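Data first, discussion second: the structure below is written as structure tokens.
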Number of protein chains: 2
Amino acid sequence: MNLAVDNRLPRYQRLRDDLAARINRNEWRPGDPIPSEAELGAHYGVAIGTVRKAIDQLVSDGALERQQGRGTFVRRARFNSSMFRFFRFQSESGERRVPQSRILRRKSVPATSAVASALRIAVGEPVISLSRLRLIDDVPLLAEEIWLQKSRFEAILALATSEFGDLLYPLYENSCGQIVVSADEILTVEIATEMQSRLLRLEANAPLIMIERLAFDLERRPIEWRRSRGPADRFRYHAEIR
Amino acid sequence: MNLAVDNRLPRYQRLRDDLAARINRNEWRPGDPIPSEAELGAHYGVAIGTVRKAIDQLVSDGALERQQGRGTFVRRARFNSSMFRFFRFQSESGERRVPQSRILRRKSVPATSAVASALRIAVGEPVISLSRLRLIDDVPLLAEEIWLQKSRFEAILALATSEFGDLLYPLYENSCGQIVVSADEILTVEIATEMQSRLLRLEANAPLIMIERLAFDLERRPIEWRRSRGPADRFRYHAEIR
DNA sequence: TTCATCTAGTCATCTATATGAATTTAAGAA
DNA sequence: TTCTTAAATTCATATAGATGACTAGATGAA
């Protein structure tokens with residue numbers, strides 16, 4: 001097996017990219033072990049140290065996880081505390097609870113120019129548009145609009161929206177094999193439109209926080225674009241800068 | 001030279017911690033090269049691969065930077081785009097400019113319980129309290145309250161506040177040898193008090209964004225606590241989640 | 001002086017190997 | 001069967017050394 005692509009890049013980089021592509025291509029399912037370091041080394045014709053360096057990167061990208069003595073596994077969607085990795089909108093008291101999730105609308109539409117430019121596809125390409133309301137103790141917390149490339153997320157059109165569950169990223173992994181590993185968010189404040197204030201049960205012209213998120217797979221291609229809006233007075237957002 | 005501390009930890013970890021402590025202790029100034037990998041290996045009695053693994057961590061922590069062919073250097077405060085690493089409050093148009101900075105007040109006070117608990121020191125310990133206004137084109141953008149451990153930041157009491165410049169972290173590095181490498185931020189929305197609205201030239205009861213930041217050194221000890229408030233309608237915050 | 005070349009020092013990449021730690025599997029004993 | 005033990009497998013740590021790329025400084029030629 002050879003690692004072509006770009007011979008100017010070091011081997012561990014090309015190997016990392018090749019493994020990333022194989023994971024994205026669902027050659028192994030989440031939870032499955034990838035071949036052992038020795039096997040990969042033999043297969044690609046590189047030393048184990050080089051394999052480890054490539055795997056190191058994918059581990060720190062969150063795509064793989066190692067277990068000493070067992071093997072290296074494709075990360076599976078976790079339902080423990082780390083599921084909040086991407087949920088930074090905390091409840092008023094500061095503790096983090098899984099908000100309920102209610103899908104209001106799901107449809108397949110052609111990409112508008114804004115959606116196309118965010119997802120880096122052509123205008124008019126088919127995308128899946130979701131509208132979702134997230135609540136804690138039945139009080140609306142966030143109104144979300146979500147856009148997905150149809151070609152990658154075809155599978156969620158077949159599911160009943162009632163079976164989506166409260167978190168989308170595990171659904172993306174389990175049903176569509178799409179792993180979100182990083183995201184960019186931009187936060188701004190706006191004034192609620194009449195429709196928004198009705199949906200979130202606010203008085204007219206209440207200030208809203210708008211969170212615009214672009215989520216990437218491990219090849220850093222954008223796979224989801226979303227806009228979440230919530231009442232500013234209940235807003236509490238935590239970020240770590242490094 | 002030996003690496004005691006905790007023999008259960010791997011050598012590259014103990015080496016990383018020892019180097020981190022030496023950097024924090026200002027054994028080398030920002031911009032200075034640390035000894036070469038070969039020298040460090042000989043000095044600590046470990047292989048170069050182990051030295052590189054320790055340095056790798058400090059580089060990804062932002063404490064060191066490598067330059068192939070030249071050496072490995074203690075990171076110095078940069079005045080290029082990366083100075084925005086910790087300045088996430090963008091101007092209205094989205095481009096990032098260095099805001100002017102005006103120190104309104106500087107005094108040495110005993111730590112209140114809130115300050116002490118944030119900085120993890122005892123109540124009543126002496127801290128330096130700064131009050132600062134940041135402006136773009138002479139329009140107030142942020143009002144900041146900042147608390148620093150006095151023992152670490154003694155040096156900035158000797159400086160004229162007019163010589164602080166527009167950014168504090170370079171000042172911390174150059175005058176006090178304190179390097180900020182990571183931070184936690186919590187964002188909330190509040191209503192401006194009368195004093196705040198006067199300071200920021202807003203109408204009464206205008207919504208404010210409050211950014212509470214705890215900044216850490218490379219041994220992950222808190223060294224600065226600050227609260228920044230700015231008009232919500234000019235707010236634009238960018239975060240990367242990984 | 002100016003420019004090109006050489007050389008030594010440094011980090012970057014890569015290989016090869018050895019030992020330890022954690023886990024799984026299989027064989028064997030009760 | 002059930003439990004214990006041993007072996008095999010896998011990742012984790014560490015060493016040693018080779019080659020390449022880049023930099024800075026010295027040398028020498030024009």
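Ligands are numbered from 1 in the order shown, residues from 1 within each chain, and chains are lettered A, B, ... in the order they appear in the structure tokens.
The two copies, chain A and chain B, share one sequence, and their C-alpha RMSD after a least-squares fit comes to 0.3 Å.
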At a cut-off of 10 Å, using only C-alpha atoms (C1' of nucleotides), what residues contact DC11 of chain C? Leave out same-chain residues fewer than 3 positions from it and give the result as a compact mmCIF listing (two decimals) with C-alpha atoms (C1' of nucleotides), in the first residue's frame.
```
# COMPACT_ATOMS: atom_id res chain seq x y z
CA SER B 36 18.92 22.52 22.45
CA GLU B 37 17.20 19.16 22.55
CA ARG B 52 10.84 16.25 22.06
CA ARG B 66 10.05 25.91 17.63
CA GLN B 67 12.00 27.28 14.73
CA GLN B 68 13.61 24.67 12.58
CA GLY B 69 17.31 25.31 12.25
CA ARG B 70 17.34 27.97 14.99
CA GLY B 71 16.11 26.50 18.24
CA THR B 72 13.15 26.42 20.60
C1' DA D 21 15.79 20.86 6.05
C1' DC D 22 16.72 25.20 7.67
```
d(atom CA of Thr161 of chain B, atom CA of Glu219 of chain B) in Å: 28.4 Å
Val59 of chain B: which residues within 12 Å, counting only C-alpha atoms (C1' of nucleotides), same-chain residues fewer than 4 positions away excluded, as a tab-separated table (two decimals) with all heavy atoms, in the first residue's frame?
```tsv
chain	number	residue	atom	x	y	z
A	242	ARG	N	-7.65	28.45	24.47
A	242	ARG	CA	-6.31	27.94	24.76
A	242	ARG	C	-5.34	28.41	23.68
A	242	ARG	O	-5.72	28.87	22.65
A	242	ARG	CB	-6.30	26.41	24.87
A	242	ARG	CG	-7.25	25.69	23.91
A	242	ARG	CD	-6.62	24.69	23.05
A	242	ARG	NE	-7.16	24.88	21.73
A	242	ARG	CZ	-6.61	24.41	20.63
A	242	ARG	NH1	-5.50	23.76	20.68
A	242	ARG	NH2	-7.15	24.62	19.44
B	16	ARG	N	8.25	17.72	31.16
B	16	ARG	CA	7.37	18.83	30.76
B	16	ARG	C	7.09	19.73	31.95
B	16	ARG	O	7.17	20.95	31.87
B	16	ARG	CB	6.07	18.26	30.20
B	16	ARG	CG	5.08	19.30	29.70
B	16	ARG	CD	3.97	19.52	30.71
B	16	ARG	NE	3.10	20.65	30.32
B	16	ARG	CZ	2.65	21.56	31.16
B	16	ARG	NH1	2.98	21.51	32.45
B	16	ARG	NH2	1.88	22.55	30.75
B	19	LEU	N	10.20	21.73	32.95
B	19	LEU	CA	10.45	22.84	32.03
B	19	LEU	C	9.42	23.94	32.21
B	19	LEU	O	9.75	25.13	32.21
B	19	LEU	CB	10.45	22.33	30.58
B	19	LEU	CG	11.61	21.40	30.19
B	19	LEU	CD1	11.42	20.86	28.78
B	19	LEU	CD2	12.94	22.14	30.29
B	20	ALA	N	8.16	23.54	32.40
B	20	ALA	CA	7.10	24.54	32.63
B	20	ALA	C	7.43	25.37	33.84
B	20	ALA	O	7.29	26.61	33.83
B	20	ALA	CB	5.75	23.84	32.80
B	52	ARG	N	11.75	15.71	23.08
B	52	ARG	CA	10.84	16.25	22.06
B	52	ARG	C	9.39	16.07	22.49
B	52	ARG	O	8.55	16.96	22.26
B	52	ARG	CB	11.07	15.55	20.72
B	52	ARG	CG	12.27	16.10	19.97
B	52	ARG	CD	12.37	15.53	18.56
B	52	ARG	NE	11.29	15.97	17.70
B	52	ARG	CZ	11.26	17.14	17.08
B	52	ARG	NH1	12.25	17.97	17.21
B	52	ARG	NH2	10.23	17.46	16.32
B	53	LYS	N	9.08	14.95	23.12
B	53	LYS	CA	7.70	14.73	23.54
B	53	LYS	C	7.28	15.73	24.62
B	53	LYS	O	6.15	16.22	24.62
B	53	LYS	CB	7.54	13.29	24.05
B	53	LYS	CG	6.11	12.80	24.01
B	53	LYS	CD	6.01	11.29	23.99
B	53	LYS	CE	4.57	10.85	24.07
B	53	LYS	NZ	4.38	9.41	24.04
B	54	ALA	N	8.21	16.05	25.51
B	54	ALA	CA	7.91	17.05	26.54
B	54	ALA	C	7.74	18.43	25.90
B	54	ALA	O	6.80	19.16	26.23
B	54	ALA	CB	9.04	17.09	27.57
B	55	ILE	N	8.63	18.77	24.98
B	55	ILE	CA	8.55	20.07	24.32
B	55	ILE	C	7.29	20.17	23.48
B	55	ILE	O	6.64	21.22	23.43
B	55	ILE	CB	9.82	20.33	23.49
B	55	ILE	CG1	11.03	20.49	24.43
B	55	ILE	CG2	9.67	21.57	22.62
B	55	ILE	CD1	12.34	20.74	23.72
B	63	ALA	N	3.44	27.70	25.25
B	63	ALA	CA	4.51	28.26	26.09
B	63	ALA	C	5.82	28.39	25.32
B	63	ALA	O	6.61	29.28	25.58
B	63	ALA	CB	4.72	27.39	27.32
B	64	LEU	N	6.02	27.49	24.37
B	64	LEU	CA	7.25	27.50	23.58
B	64	LEU	C	6.90	27.55	22.11
B	64	LEU	O	5.79	27.22	21.72
B	64	LEU	CB	8.07	26.22	23.85
B	64	LEU	CG	8.62	26.01	25.26
B	64	LEU	CD1	9.31	24.66	25.35
B	64	LEU	CD2	9.59	27.11	25.63
B	65	GLU	N	7.87	27.94	21.29
B	65	GLU	CA	7.69	27.77	19.86
B	65	GLU	C	9.00	27.35	19.23
B	65	GLU	O	10.07	27.78	19.63
B	65	GLU	CB	7.13	29.04	19.19
B	65	GLU	CG	7.92	30.29	19.43
B	65	GLU	CD	7.22	31.52	18.84
B	65	GLU	OE1	6.06	31.39	18.43
B	65	GLU	OE2	7.86	32.57	18.79
B	66	ARG	N	8.86	26.44	18.27
B	66	ARG	CA	10.05	25.91	17.63
B	66	ARG	C	10.35	26.68	16.37
B	66	ARG	O	9.44	27.16	15.69
B	66	ARG	CB	9.81	24.46	17.23
B	66	ARG	CG	9.50	23.56	18.37
B	66	ARG	CD	9.32	22.15	17.81
B	66	ARG	NE	9.95	21.19	18.68
B	66	ARG	CZ	9.29	20.21	19.27
B	66	ARG	NH1	8.01	20.08	19.05
B	66	ARG	NH2	9.91	19.38	20.05
B	67	GLN	N	11.63	26.78	16.04
B	67	GLN	CA	12.00	27.28	14.73
B	67	GLN	C	13.09	26.36	14.20
B	67	GLN	O	14.19	26.30	14.75
B	67	GLN	CB	12.51	28.71	14.82
B	67	GLN	CG	11.38	29.71	14.96
B	67	GLN	CD	11.88	31.14	14.97
B	67	GLN	OE1	11.90	31.76	16.01
B	67	GLN	NE2	12.29	31.65	13.83
B	72	THR	N	14.47	26.37	20.00
B	72	THR	CA	13.15	26.42	20.60
B	72	THR	C	13.12	27.59	21.57
B	72	THR	O	14.02	27.75	22.38
B	72	THR	CB	12.84	25.10	21.33
B	72	THR	OG1	12.95	24.03	20.39
B	72	THR	CG2	11.44	25.12	21.90
B	73	PHE	N	12.09	28.44	21.44
B	73	PHE	CA	12.08	29.71	22.13
B	73	PHE	C	10.88	29.84	23.05
B	73	PHE	O	9.81	29.30	22.77
B	73	PHE	CB	12.04	30.86	21.10
B	73	PHE	CG	13.20	30.83	20.15
B	73	PHE	CD1	13.21	29.98	19.05
B	73	PHE	CD2	14.31	31.63	20.38
B	73	PHE	CE1	14.30	29.94	18.19
B	73	PHE	CE2	15.40	31.60	19.52
B	73	PHE	CZ	15.40	30.75	18.42
B	74	VAL	N	11.07	30.58	24.13
B	74	VAL	CA	9.95	30.91	24.99
B	74	VAL	C	9.06	31.88	24.23
B	74	VAL	O	9.55	32.89	23.71
B	74	VAL	CB	10.44	31.54	26.32
B	74	VAL	CG1	9.25	31.95	27.17
B	74	VAL	CG2	11.32	30.56	27.06
B	75	ARG	N	7.78	31.55	24.14
B	75	ARG	CA	6.88	32.36	23.33
B	75	ARG	C	6.84	33.79	23.85
B	75	ARG	O	6.70	34.03	25.04
B	75	ARG	CB	5.47	31.78	23.36
B	75	ARG	CG	4.69	32.02	22.07
B	75	ARG	CD	3.20	31.95	22.29
B	75	ARG	NE	2.71	33.17	22.92
B	75	ARG	CZ	2.04	33.23	24.04
B	75	ARG	NH1	1.76	32.15	24.69
B	75	ARG	NH2	1.65	34.39	24.53
B	181	VAL	N	-1.66	31.42	29.19
B	181	VAL	CA	-1.71	30.45	28.10
B	181	VAL	C	-3.11	29.91	27.83
B	181	VAL	O	-3.36	29.35	26.78
B	181	VAL	CB	-0.75	29.26	28.32
B	181	VAL	CG1	0.68	29.72	28.41
B	181	VAL	CG2	-1.14	28.48	29.55
B	218	LEU	N	0.90	28.47	32.63
B	218	LEU	CA	1.08	27.16	32.02
B	218	LEU	C	1.13	26.04	33.04
B	218	LEU	O	1.18	24.87	32.66
B	218	LEU	CB	2.27	27.11	31.07
B	218	LEU	CG	3.67	27.23	31.62
B	218	LEU	CD1	4.64	26.70	30.60
B	218	LEU	CD2	3.98	28.67	31.89
```
Counting only C-alpha atoms, what are the residues of chain A within 10 Å of chain B, and for each of them which pair of atoms is the nearest and at what distance in Å, to one decimal? Sort the table by chain and rising number, as JSON lines.
```
{"residue": "A:Ser60", "atom": "CA", "partner": "B:Arg242", "partner_atom": "CA", "distance": 9.2}
{"residue": "A:Asp61", "atom": "CA", "partner": "B:Arg242", "partner_atom": "CA", "distance": 7.4}
{"residue": "A:Gly62", "atom": "CA", "partner": "B:Arg242", "partner_atom": "CA", "distance": 8.1}
{"residue": "A:Arg85", "atom": "CA", "partner": "B:Ile241", "partner_atom": "CA", "distance": 7.7}
{"residue": "A:Phe86", "atom": "CA", "partner": "B:Ile241", "partner_atom": "CA", "distance": 7.0}
{"residue": "A:Phe87", "atom": "CA", "partner": "B:Ile241", "partner_atom": "CA", "distance": 9.9}
{"residue": "A:Arg88", "atom": "CA", "partner": "B:Ile241", "partner_atom": "CA", "distance": 9.6}
{"residue": "A:Phe89", "atom": "CA", "partner": "B:Leu187", "partner_atom": "CA", "distance": 9.5}
{"residue": "A:Gln90", "atom": "CA", "partner": "B:Ile186", "partner_atom": "CA", "distance": 9.8}
{"residue": "A:Glu92", "atom": "CA", "partner": "B:Thr188", "partner_atom": "CA", "distance": 9.6}
{"residue": "A:Gly94", "atom": "CA", "partner": "B:Ile186", "partner_atom": "CA", "distance": 9.8}
{"residue": "A:Val180", "atom": "CA", "partner": "B:Arg242", "partner_atom": "CA", "distance": 9.3}
{"residue": "A:Val181", "atom": "CA", "partner": "B:Arg242", "partner_atom": "CA", "distance": 6.2}
{"residue": "A:Ser182", "atom": "CA", "partner": "B:Arg242", "partner_atom": "CA", "distance": 4.2}
{"residue": "A:Ala183", "atom": "CA", "partner": "B:Ile241", "partner_atom": "CA", "distance": 5.1}
{"residue": "A:Asp184", "atom": "CA", "partner": "B:Glu240", "partner_atom": "CA", "distance": 4.6}
{"residue": "A:Glu185", "atom": "CA", "partner": "B:Ala239", "partner_atom": "CA", "distance": 5.1}
{"residue": "A:Ile186", "atom": "CA", "partner": "B:His238", "partner_atom": "CA", "distance": 4.5}
{"residue": "A:Leu187", "atom": "CA", "partner": "B:Tyr237", "partner_atom": "CA", "distance": 5.0}
{"residue": "A:Thr188", "atom": "CA", "partner": "B:Arg236", "partner_atom": "CA", "distance": 4.9}
{"residue": "A:Val189", "atom": "CA", "partner": "B:Asp233", "partner_atom": "CA", "distance": 5.9}
{"residue": "A:Glu190", "atom": "CA", "partner": "B:Asp233", "partner_atom": "CA", "distance": 7.0}
{"residue": "A:Ile191", "atom": "CA", "partner": "B:Asp233", "partner_atom": "CA", "distance": 9.2}
{"residue": "A:Pro207", "atom": "CA", "partner": "B:Pro207", "partner_atom": "CA", "distance": 7.9}
{"residue": "A:Leu208", "atom": "CA", "partner": "B:Ala232", "partner_atom": "CA", "distance": 9.9}
{"residue": "A:Ile209", "atom": "CA", "partner": "B:Val189", "partner_atom": "CA", "distance": 9.0}
{"residue": "A:Met210", "atom": "CA", "partner": "B:Arg236", "partner_atom": "CA", "distance": 9.9}
{"residue": "A:Ile211", "atom": "CA", "partner": "B:Tyr237", "partner_atom": "CA", "distance": 9.4}
{"residue": "A:Glu212", "atom": "CA", "partner": "B:His238", "partner_atom": "CA", "distance": 9.6}
{"residue": "A:Arg213", "atom": "CA", "partner": "B:Ala239", "partner_atom": "CA", "distance": 9.5}
{"residue": "A:Leu214", "atom": "CA", "partner": "B:Glu240", "partner_atom": "CA", "distance": 9.8}
{"residue": "A:Ala215", "atom": "CA", "partner": "B:Ile241", "partner_atom": "CA", "distance": 9.0}
{"residue": "A:Phe216", "atom": "CA", "partner": "B:Arg242", "partner_atom": "CA", "distance": 9.5}
{"residue": "A:Pro231", "atom": "CA", "partner": "B:Val189", "partner_atom": "CA", "distance": 9.7}
{"residue": "A:Ala232", "atom": "CA", "partner": "B:Val189", "partner_atom": "CA", "distance": 6.0}
{"residue": "A:Asp233", "atom": "CA", "partner": "B:Val189", "partner_atom": "CA", "distance": 5.8}
{"residue": "A:Arg234", "atom": "CA", "partner": "B:Val189", "partner_atom": "CA", "distance": 7.9}
{"residue": "A:Phe235", "atom": "CA", "partner": "B:Thr188", "partner_atom": "CA", "distance": 5.6}
{"residue": "A:Arg236", "atom": "CA", "partner": "B:Thr188", "partner_atom": "CA", "distance": 4.9}
{"residue": "A:Tyr237", "atom": "CA", "partner": "B:Leu187", "partner_atom": "CA", "distance": 5.0}
{"residue": "A:His238", "atom": "CA", "partner": "B:Ile186", "partner_atom": "CA", "distance": 4.5}
{"residue": "A:Ala239", "atom": "CA", "partner": "B:Glu185", "partner_atom": "CA", "distance": 5.2}
{"residue": "A:Glu240", "atom": "CA", "partner": "B:Asp184", "partner_atom": "CA", "distance": 4.6}
{"residue": "A:Ile241", "atom": "CA", "partner": "B:Ala183", "partner_atom": "CA", "distance": 5.1}
{"residue": "A:Arg242", "atom": "CA", "partner": "B:Ser182", "partner_atom": "CA", "distance": 4.2}
```
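If you look at atom CA of Ala116 of chain A and atom CA of Leu133 of chain A, they are 23.5 Å away from each other.
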Contacts of segment 13-18 of chain D at 9 Å (only C-alpha atoms (C1' of nucleotides); same-chain gap of 4+ positions) as a PyMOL selection string: (chain B and resi 10-12+46-50) or (chain C and resi 14-15+17-20)
Written selection (N, CA, C and O atoms (P, O5', C5', C4', C3', O3' and C1' of nucleotides)) as a tab-separated table (two decimals), in the first residue's frame:
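result_14.tsv, freshly written:
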```tsv
chain	number	residue	atom	x	y	z
B	10	PRO	N	5.33	9.22	33.72
B	10	PRO	CA	6.37	8.99	32.72
B	10	PRO	C	7.35	10.15	32.67
B	10	PRO	O	7.03	11.28	33.04
B	11	ARG	N	8.53	9.85	32.17
B	11	ARG	CA	9.59	10.86	32.17
B	11	ARG	C	9.22	12.10	31.39
B	11	ARG	O	9.52	13.22	31.79
B	12	TYR	N	8.58	11.91	30.22
B	12	TYR	CA	8.29	13.09	29.40
B	12	TYR	C	7.32	14.01	30.11
B	12	TYR	O	7.38	15.22	29.95
B	46	VAL	N	18.04	11.84	29.57
B	46	VAL	CA	16.99	11.13	28.84
B	46	VAL	C	17.30	11.23	27.35
B	46	VAL	O	18.12	12.05	26.93
B	47	ALA	N	16.61	10.41	26.56
B	47	ALA	CA	16.85	10.43	25.11
B	47	ALA	C	16.18	11.64	24.48
B	47	ALA	O	15.25	12.23	25.04
B	48	ILE	N	16.65	12.00	23.30
B	48	ILE	CA	16.12	13.18	22.62
B	48	ILE	C	14.63	13.02	22.32
B	48	ILE	O	13.86	13.98	22.41
B	49	GLY	N	14.22	11.80	21.99
B	49	GLY	CA	12.80	11.56	21.72
B	49	GLY	C	11.93	11.95	22.89
B	49	GLY	O	10.84	12.50	22.73
B	50	THR	N	12.42	11.67	24.09
B	50	THR	CA	11.68	12.02	25.30
B	50	THR	C	11.63	13.53	25.48
B	50	THR	O	10.59	14.09	25.84
C	14	DC	P	7.95	11.55	7.64
C	14	DC	O5'	8.81	10.28	8.08
C	14	DC	C5'	9.99	9.96	7.36
C	14	DC	C4'	10.76	8.89	8.11
C	14	DC	C3'	9.91	7.73	8.63
C	14	DC	O3'	10.05	6.64	7.73
C	14	DC	C1'	11.71	8.37	10.10
C	15	DT	P	9.41	5.21	8.05
C	15	DT	O5'	10.62	4.46	8.76
C	15	DT	C5'	11.92	4.52	8.17
C	15	DT	C4'	12.92	3.82	9.07
C	15	DT	C3'	12.44	2.48	9.62
C	15	DT	O3'	13.29	1.45	9.17
C	15	DT	C1'	13.39	3.85	11.35
C	17	DT	P	14.86	-4.19	13.81
C	17	DT	O5'	14.95	-4.00	15.39
C	17	DT	C5'	16.02	-3.24	15.94
C	17	DT	C4'	15.75	-2.99	17.41
C	17	DT	C3'	15.04	-4.14	18.14
C	17	DT	O3'	15.86	-4.60	19.18
C	17	DT	C1'	14.13	-2.04	18.73
C	18	DA	P	15.53	-5.97	19.95
C	18	DA	O5'	15.28	-5.47	21.44
C	18	DA	C5'	16.14	-4.48	22.02
C	18	DA	C4'	15.47	-3.92	23.26
C	18	DA	C3'	14.72	-4.97	24.08
C	18	DA	O3'	15.21	-4.98	25.40
C	18	DA	C1'	13.34	-3.07	23.66
C	19	DT	P	14.77	-6.12	26.42
C	19	DT	O5'	13.70	-5.38	27.34
C	19	DT	C5'	14.07	-4.15	27.96
C	19	DT	C4'	12.82	-3.48	28.52
C	19	DT	C3'	11.93	-4.40	29.36
C	19	DT	O3'	11.74	-3.82	30.63
C	19	DT	C1'	10.65	-3.19	27.79
C	20	DG	P	10.93	-4.61	31.77
C	20	DG	O5'	9.57	-3.79	31.87
C	20	DG	C5'	9.61	-2.37	32.01
C	20	DG	C4'	8.21	-1.80	31.91
C	20	DG	C3'	7.15	-2.55	32.73
C	20	DG	O3'	6.37	-1.61	33.42
C	20	DG	C1'	6.45	-2.38	30.48
```
Residues flagged helix (DSSP H, G or I) by DSSP in segment 106-205 of chain A, as a short mmCIF file (atom, residue, chain, number, x, y, z; two decimals) with N, CA and C atoms, in the first residue's frame:
```cif
data_model
loop_
_atom_site.label_atom_id
_atom_site.label_comp_id
_atom_site.auth_asym_id
_atom_site.auth_seq_id
_atom_site.Cartn_x
_atom_site.Cartn_y
_atom_site.Cartn_z
N SER A 113 -28.26 30.95 -1.10
CA SER A 113 -26.85 31.33 -1.25
C SER A 113 -26.16 31.36 0.11
N ALA A 114 -26.88 31.78 1.16
CA ALA A 114 -26.25 31.81 2.49
C ALA A 114 -25.89 30.41 2.95
N VAL A 115 -26.83 29.49 2.79
CA VAL A 115 -26.59 28.11 3.21
C VAL A 115 -25.47 27.49 2.37
N ALA A 116 -25.53 27.72 1.06
CA ALA A 116 -24.53 27.13 0.18
C ALA A 116 -23.14 27.65 0.52
N SER A 117 -23.04 28.94 0.82
CA SER A 117 -21.71 29.47 1.10
C SER A 117 -21.20 28.95 2.43
N ALA A 118 -22.09 28.76 3.40
CA ALA A 118 -21.64 28.21 4.69
C ALA A 118 -21.18 26.77 4.52
N LEU A 119 -21.98 25.97 3.83
CA LEU A 119 -21.65 24.55 3.69
C LEU A 119 -20.68 24.28 2.54
N LYS A 150 -27.81 17.20 1.85
CA LYS A 150 -28.71 16.06 1.72
C LYS A 150 -27.96 14.78 1.40
N SER A 151 -26.92 14.90 0.55
CA SER A 151 -26.24 13.68 0.11
C SER A 151 -25.63 12.91 1.28
N ARG A 152 -25.22 13.62 2.31
CA ARG A 152 -24.59 12.95 3.44
C ARG A 152 -25.58 12.52 4.51
N PHE A 153 -26.75 13.14 4.50
CA PHE A 153 -27.68 12.90 5.61
C PHE A 153 -29.01 12.31 5.15
N ALA A 155 -30.14 9.54 5.24
CA ALA A 155 -30.74 8.57 6.17
C ALA A 155 -31.71 9.19 7.16
N ILE A 156 -31.49 10.45 7.55
CA ILE A 156 -32.39 10.97 8.58
C ILE A 156 -33.73 11.42 7.98
N LEU A 157 -33.83 11.41 6.66
CA LEU A 157 -35.13 11.69 6.07
C LEU A 157 -36.07 10.49 6.24
N ALA A 158 -35.46 9.32 6.38
CA ALA A 158 -36.26 8.11 6.51
C ALA A 158 -36.79 7.90 7.93
N THR A 161 -39.37 11.80 12.92
CA THR A 161 -38.73 12.86 13.71
C THR A 161 -38.92 12.64 15.21
N SER A 162 -39.96 11.89 15.56
CA SER A 162 -40.19 11.61 16.97
C SER A 162 -39.10 10.70 17.55
N GLU A 163 -38.35 10.06 16.66
CA GLU A 163 -37.31 9.15 17.14
C GLU A 163 -35.92 9.76 17.10
N LEU A 168 -28.64 15.70 18.45
CA LEU A 168 -28.53 15.37 17.04
C LEU A 168 -27.21 14.70 16.67
N TYR A 169 -26.12 15.08 17.34
CA TYR A 169 -24.82 14.57 16.89
C TYR A 169 -24.70 13.05 17.03
N PRO A 170 -25.21 12.47 18.11
CA PRO A 170 -25.23 10.99 18.14
C PRO A 170 -26.05 10.40 17.00
N LEU A 171 -27.14 11.09 16.64
CA LEU A 171 -27.96 10.62 15.53
C LEU A 171 -27.18 10.68 14.23
N TYR A 172 -26.44 11.79 14.03
CA TYR A 172 -25.63 11.90 12.82
C TYR A 172 -24.65 10.73 12.73
N GLU A 173 -24.04 10.39 13.87
CA GLU A 173 -23.04 9.32 13.87
C GLU A 173 -23.69 7.98 13.60
N ASN A 174 -24.75 7.71 14.35
CA ASN A 174 -25.33 6.37 14.29
C ASN A 174 -26.10 6.12 13.00
N SER A 175 -26.81 7.15 12.52
CA SER A 175 -27.64 6.92 11.34
C SER A 175 -26.96 7.30 10.04
N CYS A 176 -26.06 8.25 10.09
CA CYS A 176 -25.48 8.74 8.84
C CYS A 176 -23.97 8.57 8.77
N GLU A 194 -41.57 38.97 15.79
CA GLU A 194 -42.83 38.58 16.42
C GLU A 194 -42.97 37.06 16.48
N MET A 195 -42.58 36.42 15.36
CA MET A 195 -42.70 34.96 15.31
C MET A 195 -41.79 34.31 16.35
N GLN A 196 -40.58 34.82 16.44
CA GLN A 196 -39.64 34.24 17.40
C GLN A 196 -40.13 34.43 18.83
N SER A 197 -40.64 35.60 19.14
CA SER A 197 -41.07 35.84 20.51
C SER A 197 -42.27 34.96 20.85
N ARG A 198 -43.11 34.66 19.85
CA ARG A 198 -44.22 33.75 20.11
C ARG A 198 -43.69 32.35 20.40
N LEU A 199 -42.74 31.92 19.58
CA LEU A 199 -42.18 30.57 19.73
C LEU A 199 -41.49 30.40 21.08
#
```
Which residue of C:DT13, C:DT25, C:DT2, C:DA30 approaches chain A most closely, using only C-alpha atoms (C1' of nucleotides): C:DT13
Neighbour list for DC6 of chain C as a list in words, cut-off 10 Å, only C-alpha atoms (C1' of nucleotides), skip fewer than 5 positions in-chain: DA26, DT27 and DG28 of chain D
Take the residues from that selection and write them out as a CSV table (one decimal), in the first residue's frame, keeping N, CA and C atoms (P, O5', C5', C4', C3', O3' and C1' of nucleotides).
```csv
chain,number,residue,atom,x,y,z
D,26,DA,P,31.1,34.4,12.6
D,26,DA,O5',32.0,33.6,11.6
D,26,DA,C5',32.3,32.2,11.8
D,26,DA,C4',33.0,31.6,10.7
D,26,DA,C3',34.1,32.4,10.1
D,26,DA,O3',35.3,31.6,9.9
D,26,DA,C1',32.6,32.0,8.4
D,27,DT,P,36.6,32.2,9.4
D,27,DT,O5',36.6,31.9,7.8
D,27,DT,C5',36.2,30.6,7.4
D,27,DT,C4',36.2,30.5,5.9
D,27,DT,C3',37.3,31.4,5.2
D,27,DT,O3',38.1,30.5,4.4
D,27,DT,C1',35.2,31.8,4.3
D,28,DG,P,39.4,31.0,3.7
D,28,DG,O5',38.9,31.3,2.2
D,28,DG,C5',38.0,30.4,1.6
D,28,DG,C4',37.5,30.9,0.3
D,28,DG,C3',38.6,31.8,-0.5
D,28,DG,O3',38.5,31.4,-1.9
D,28,DG,C1',36.6,33.0,-0.2
```
Test item, strand (DSSP E or B) assignment across segment 31-68 of chain B, answer as an MDAnalysis selection string: chainID B and resid 33 64:67
Restrict the selected residues to C-alpha atoms and save them as a short mmCIF file (atom, residue, chain, number, x, y, z; two decimals), in the first residue's frame.
```cif
data_model
loop_
_atom_site.label_atom_id
_atom_site.label_comp_id
_atom_site.auth_asym_id
_atom_site.auth_seq_id
_atom_site.Cartn_x
_atom_site.Cartn_y
_atom_site.Cartn_z
CA PRO B 33 16.01 30.10 23.27
CA LEU B 64 7.25 27.50 23.58
CA GLU B 65 7.69 27.77 19.86
CA ARG B 66 10.05 25.91 17.63
CA GLN B 67 12.00 27.28 14.73
#
```
